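Chemist: One structure, as structure tokens, below. Some questions next.
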Amino acid sequence: MTTKFYTFTALFEKEPGTKETYNVSVPALPGCLTFGESKKEAEFMIQDALMGYLETVLENGLPIAPNQQVKAKRKSSYTKDIVVGIKQEVMVGLPAHETARFARA
């Protein structure tokens, strides 16, 4: 079993009218988004969402889109590179999309 690491840029945008709630997305991966009621929680939540997103893509034999570098457009927003490790067990002789089994690193 090997672990492959993926790095994606996440965009954190403070929710207007809240003390510290952040909406988070990974622009390179449509639908990979979440939120947190603090910066720390938002960072944890996007790491979990990113891991689940990538596991689903890989389990379905789909290609992973390349990362997109983005910049925060407002003072209340920021970006951060998120790294996740996906454990893979690949059996020799079968197509990768049929052989890979994934577990959280």
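All residue names refer to the structure tokens as shown: chains lettered A, B, ... in order, residues numbered from 1 in each chain, ligands numbered from 1 in order.
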List as JSON lines every residue of segment 57-92 of chain A that is in contact with segment 26-48 of chain A, defined as an atom at most 10 Å from one of its atoms (using only C-alpha atoms), together with the nearest atom pair and the distance in Å rounded to one decimal, sorted by chain and then rising number.
Modeler:
```
{"residue": "A:Ile64", "atom": "CA", "partner": "A:Leu29", "partner_atom": "CA", "distance": 8.4}
{"residue": "A:Ala65", "atom": "CA", "partner": "A:Ala28", "partner_atom": "CA", "distance": 6.5}
{"residue": "A:Pro66", "atom": "CA", "partner": "A:Ala28", "partner_atom": "CA", "distance": 6.7}
{"residue": "A:Asn67", "atom": "CA", "partner": "A:Ala28", "partner_atom": "CA", "distance": 5.5}
{"residue": "A:Gln68", "atom": "CA", "partner": "A:Ala28", "partner_atom": "CA", "distance": 5.3}
{"residue": "A:Gln69", "atom": "CA", "partner": "A:Ala28", "partner_atom": "CA", "distance": 8.5}
{"residue": "A:Val70", "atom": "CA", "partner": "A:Pro27", "partner_atom": "CA", "distance": 7.7}
{"residue": "A:Thr79", "atom": "CA", "partner": "A:Val26", "partner_atom": "CA", "distance": 9.6}
{"residue": "A:Lys80", "atom": "CA", "partner": "A:Glu43", "partner_atom": "CA", "distance": 8.7}
{"residue": "A:Asp81", "atom": "CA", "partner": "A:Val26", "partner_atom": "CA", "distance": 9.7}
{"residue": "A:Ile82", "atom": "CA", "partner": "A:Gln47", "partner_atom": "CA", "distance": 6.5}
{"residue": "A:Val83", "atom": "CA", "partner": "A:Gln47", "partner_atom": "CA", "distance": 7.5}
{"residue": "A:Val84", "atom": "CA", "partner": "A:Gln47", "partner_atom": "CA", "distance": 6.8}
```
Chemist: From a DSSP calculation on the backbone, collect every residue of chain A in strand (DSSP E) and output the set as a ChimeraX atom specification.
Modeler: /A:2-14,22-25,33-36,77-89,101-104
Chemist: Put those residues in a file: C-alpha atoms, as a PDB file, in the first residue's frame.
Modeler:
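Below you can see part-v2.pdb, which holds the result:
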```pdb
ATOM      1  CA  THR A   2       1.324   3.408  -0.931  1.00  0.00           C
ATOM      2  CA  THR A   3       0.194   6.905  -0.066  1.00  0.00           C
ATOM      3  CA  LYS A   4      -0.118   9.560  -2.749  1.00  0.00           C
ATOM      4  CA  PHE A   5      -0.223  13.170  -1.633  1.00  0.00           C
ATOM      5  CA  TYR A   6      -2.339  15.815  -3.338  1.00  0.00           C
ATOM      6  CA  THR A   7      -2.125  19.575  -2.823  1.00  0.00           C
ATOM      7  CA  PHE A   8      -4.986  21.915  -3.676  1.00  0.00           C
ATOM      8  CA  THR A   9      -5.507  25.600  -2.999  1.00  0.00           C
ATOM      9  CA  ALA A  10      -8.568  26.339  -0.871  1.00  0.00           C
ATOM     10  CA  LEU A  11     -10.312  29.711  -0.799  1.00  0.00           C
ATOM     11  CA  PHE A  12     -11.602  30.824   2.609  1.00  0.00           C
ATOM     12  CA  GLU A  13     -14.211  33.590   2.547  1.00  0.00           C
ATOM     13  CA  LYS A  14     -15.576  35.113   5.727  1.00  0.00           C
ATOM     14  CA  TYR A  22     -15.824  30.902   6.833  1.00  0.00           C
ATOM     15  CA  ASN A  23     -17.166  29.376   3.626  1.00  0.00           C
ATOM     16  CA  VAL A  24     -14.460  27.296   1.958  1.00  0.00           C
ATOM     17  CA  SER A  25     -14.107  25.994  -1.587  1.00  0.00           C
ATOM     18  CA  LEU A  33     -16.868  23.032  -0.455  1.00  0.00           C
ATOM     19  CA  THR A  34     -17.747  23.331   3.196  1.00  0.00           C
ATOM     20  CA  PHE A  35     -17.720  25.854   6.041  1.00  0.00           C
ATOM     21  CA  GLY A  36     -16.467  26.250   9.571  1.00  0.00           C
ATOM     22  CA  SER A  77     -10.693  36.167   2.590  1.00  0.00           C
ATOM     23  CA  TYR A  78      -7.520  34.113   2.321  1.00  0.00           C
ATOM     24  CA  THR A  79      -6.121  31.093   0.509  1.00  0.00           C
ATOM     25  CA  LYS A  80      -4.217  28.132   1.850  1.00  0.00           C
ATOM     26  CA  ASP A  81      -2.715  25.050   0.230  1.00  0.00           C
ATOM     27  CA  ILE A  82      -4.302  21.915   1.679  1.00  0.00           C
ATOM     28  CA  VAL A  83      -2.409  18.620   1.501  1.00  0.00           C
ATOM     29  CA  VAL A  84      -4.128  15.259   1.852  1.00  0.00           C
ATOM     30  CA  GLY A  85      -2.720  11.750   1.588  1.00  0.00           C
ATOM     31  CA  ILE A  86      -4.733   8.958   0.012  1.00  0.00           C
ATOM     32  CA  LYS A  87      -3.601   5.383   0.675  1.00  0.00           C
ATOM     33  CA  GLN A  88      -3.792   3.186  -2.378  1.00  0.00           C
ATOM     34  CA  GLU A  89      -3.443  -0.544  -2.811  1.00  0.00           C
ATOM     35  CA  ARG A 101      -8.807   0.575  -2.946  1.00  0.00           C
ATOM     36  CA  PHE A 102      -8.593   3.674  -0.854  1.00  0.00           C
ATOM     37  CA  ALA A 103      -8.400   4.444   2.837  1.00  0.00           C
ATOM     38  CA  ARG A 104      -7.870   7.696   4.670  1.00  0.00           C
TER      39      ARG A 104
END
```
Chemist: Please compute the atom CA of Lys71 of chain A-atom CA of Gly52 of chain A distance, one decimal, in Å.
Modeler: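 Answer for the atom CA of Lys71 of chain A to atom CA of Gly52 of chain A separation: 24.1 Å.
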Chemist: When DSSP works through the backbone of this structure, what residues of chain A end up as helix (DSSP H, G or I), shown as a ChimeraX atom specification?
Modeler: /A:39-59,96-99
Chemist: Pull N, CA and C atoms from the residues just selected and write them as a PDB file, in the first residue's frame.
Modeler:
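Wrote out21.pdb, looks like this:
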```
ATOM      1  N   LYS A  39     -11.588  29.756  11.850  1.00  0.00           N
ATOM      2  CA  LYS A  39     -10.580  29.423  10.843  1.00  0.00           C
ATOM      3  C   LYS A  39     -10.097  27.989  11.018  1.00  0.00           C
ATOM      4  N   LYS A  40      -9.825  27.615  12.258  1.00  0.00           N
ATOM      5  CA  LYS A  40      -9.320  26.273  12.536  1.00  0.00           C
ATOM      6  C   LYS A  40     -10.328  25.211  12.095  1.00  0.00           C
ATOM      7  N   GLU A  41     -11.598  25.408  12.433  1.00  0.00           N
ATOM      8  CA  GLU A  41     -12.620  24.438  12.042  1.00  0.00           C
ATOM      9  C   GLU A  41     -12.785  24.403  10.525  1.00  0.00           C
ATOM     10  N   ALA A  42     -12.751  25.557   9.868  1.00  0.00           N
ATOM     11  CA  ALA A  42     -12.890  25.613   8.415  1.00  0.00           C
ATOM     12  C   ALA A  42     -11.746  24.869   7.728  1.00  0.00           C
ATOM     13  N   GLU A  43     -10.534  25.012   8.251  1.00  0.00           N
ATOM     14  CA  GLU A  43      -9.384  24.319   7.680  1.00  0.00           C
ATOM     15  C   GLU A  43      -9.511  22.807   7.868  1.00  0.00           C
ATOM     16  N   PHE A  44      -9.973  22.377   9.022  1.00  0.00           N
ATOM     17  CA  PHE A  44     -10.199  20.949   9.255  1.00  0.00           C
ATOM     18  C   PHE A  44     -11.290  20.422   8.320  1.00  0.00           C
ATOM     19  N   MET A  45     -12.378  21.165   8.191  1.00  0.00           N
ATOM     20  CA  MET A  45     -13.515  20.721   7.384  1.00  0.00           C
ATOM     21  C   MET A  45     -13.151  20.612   5.899  1.00  0.00           C
ATOM     22  N   ILE A  46     -12.356  21.554   5.372  1.00  0.00           N
ATOM     23  CA  ILE A  46     -12.014  21.478   3.953  1.00  0.00           C
ATOM     24  C   ILE A  46     -11.031  20.346   3.701  1.00  0.00           C
ATOM     25  N   GLN A  47     -10.166  20.052   4.660  1.00  0.00           N
ATOM     26  CA  GLN A  47      -9.270  18.912   4.490  1.00  0.00           C
ATOM     27  C   GLN A  47     -10.087  17.623   4.414  1.00  0.00           C
ATOM     28  N   ASP A  48     -11.078  17.490   5.275  1.00  0.00           N
ATOM     29  CA  ASP A  48     -11.946  16.317   5.267  1.00  0.00           C
ATOM     30  C   ASP A  48     -12.755  16.247   3.966  1.00  0.00           C
ATOM     31  N   ALA A  49     -13.309  17.377   3.525  1.00  0.00           N
ATOM     32  CA  ALA A  49     -14.091  17.405   2.284  1.00  0.00           C
ATOM     33  C   ALA A  49     -13.214  17.072   1.085  1.00  0.00           C
ATOM     34  N   LEU A  50     -11.999  17.598   1.060  1.00  0.00           N
ATOM     35  CA  LEU A  50     -11.077  17.331  -0.045  1.00  0.00           C
ATOM     36  C   LEU A  50     -10.716  15.850  -0.105  1.00  0.00           C
ATOM     37  N   MET A  51     -10.453  15.255   1.031  1.00  0.00           N
ATOM     38  CA  MET A  51     -10.121  13.842   1.076  1.00  0.00           C
ATOM     39  C   MET A  51     -11.281  12.996   0.550  1.00  0.00           C
ATOM     40  N   GLY A  52     -12.490  13.286   1.015  1.00  0.00           N
ATOM     41  CA  GLY A  52     -13.657  12.548   0.545  1.00  0.00           C
ATOM     42  C   GLY A  52     -13.901  12.729  -0.942  1.00  0.00           C
ATOM     43  N   TYR A  53     -13.708  13.950  -1.434  1.00  0.00           N
ATOM     44  CA  TYR A  53     -13.891  14.245  -2.856  1.00  0.00           C
ATOM     45  C   TYR A  53     -12.906  13.432  -3.696  1.00  0.00           C
ATOM     46  N   LEU A  54     -11.623  13.466  -3.324  1.00  0.00           N
ATOM     47  CA  LEU A  54     -10.603  12.757  -4.083  1.00  0.00           C
ATOM     48  C   LEU A  54     -10.802  11.249  -4.024  1.00  0.00           C
ATOM     49  N   GLU A  55     -11.175  10.718  -2.874  1.00  0.00           N
ATOM     50  CA  GLU A  55     -11.438   9.284  -2.765  1.00  0.00           C
ATOM     51  C   GLU A  55     -12.552   8.869  -3.715  1.00  0.00           C
ATOM     52  N   THR A  56     -13.607   9.667  -3.780  1.00  0.00           N
ATOM     53  CA  THR A  56     -14.739   9.356  -4.656  1.00  0.00           C
ATOM     54  C   THR A  56     -14.323   9.400  -6.119  1.00  0.00           C
ATOM     55  N   VAL A  57     -13.576  10.429  -6.497  1.00  0.00           N
ATOM     56  CA  VAL A  57     -13.103  10.543  -7.886  1.00  0.00           C
ATOM     57  C   VAL A  57     -12.253   9.331  -8.254  1.00  0.00           C
ATOM     58  N   LEU A  58     -11.308   8.975  -7.391  1.00  0.00           N
ATOM     59  CA  LEU A  58     -10.416   7.861  -7.677  1.00  0.00           C
ATOM     60  C   LEU A  58     -11.157   6.520  -7.702  1.00  0.00           C
ATOM     61  N   GLU A  59     -12.074   6.324  -6.778  1.00  0.00           N
ATOM     62  CA  GLU A  59     -12.837   5.069  -6.739  1.00  0.00           C
ATOM     63  C   GLU A  59     -13.676   4.879  -7.992  1.00  0.00           C
ATOM     64  N   ALA A  96      -5.969   0.370 -13.375  1.00  0.00           N
ATOM     65  CA  ALA A  96      -5.883   1.073 -12.087  1.00  0.00           C
ATOM     66  C   ALA A  96      -7.246   1.428 -11.530  1.00  0.00           C
ATOM     67  N   HIS A  97      -8.175   1.854 -12.385  1.00  0.00           N
ATOM     68  CA  HIS A  97      -9.479   2.261 -11.865  1.00  0.00           C
ATOM     69  C   HIS A  97     -10.275   1.072 -11.327  1.00  0.00           C
ATOM     70  N   GLU A  98      -9.875  -0.152 -11.672  1.00  0.00           N
ATOM     71  CA  GLU A  98     -10.573  -1.331 -11.165  1.00  0.00           C
ATOM     72  C   GLU A  98      -9.861  -1.951  -9.968  1.00  0.00           C
ATOM     73  N   THR A  99      -8.645  -1.532  -9.714  1.00  0.00           N
ATOM     74  CA  THR A  99      -7.866  -2.194  -8.678  1.00  0.00           C
ATOM     75  C   THR A  99      -7.612  -1.368  -7.435  1.00  0.00           C
TER      76      THR A  99
END
```
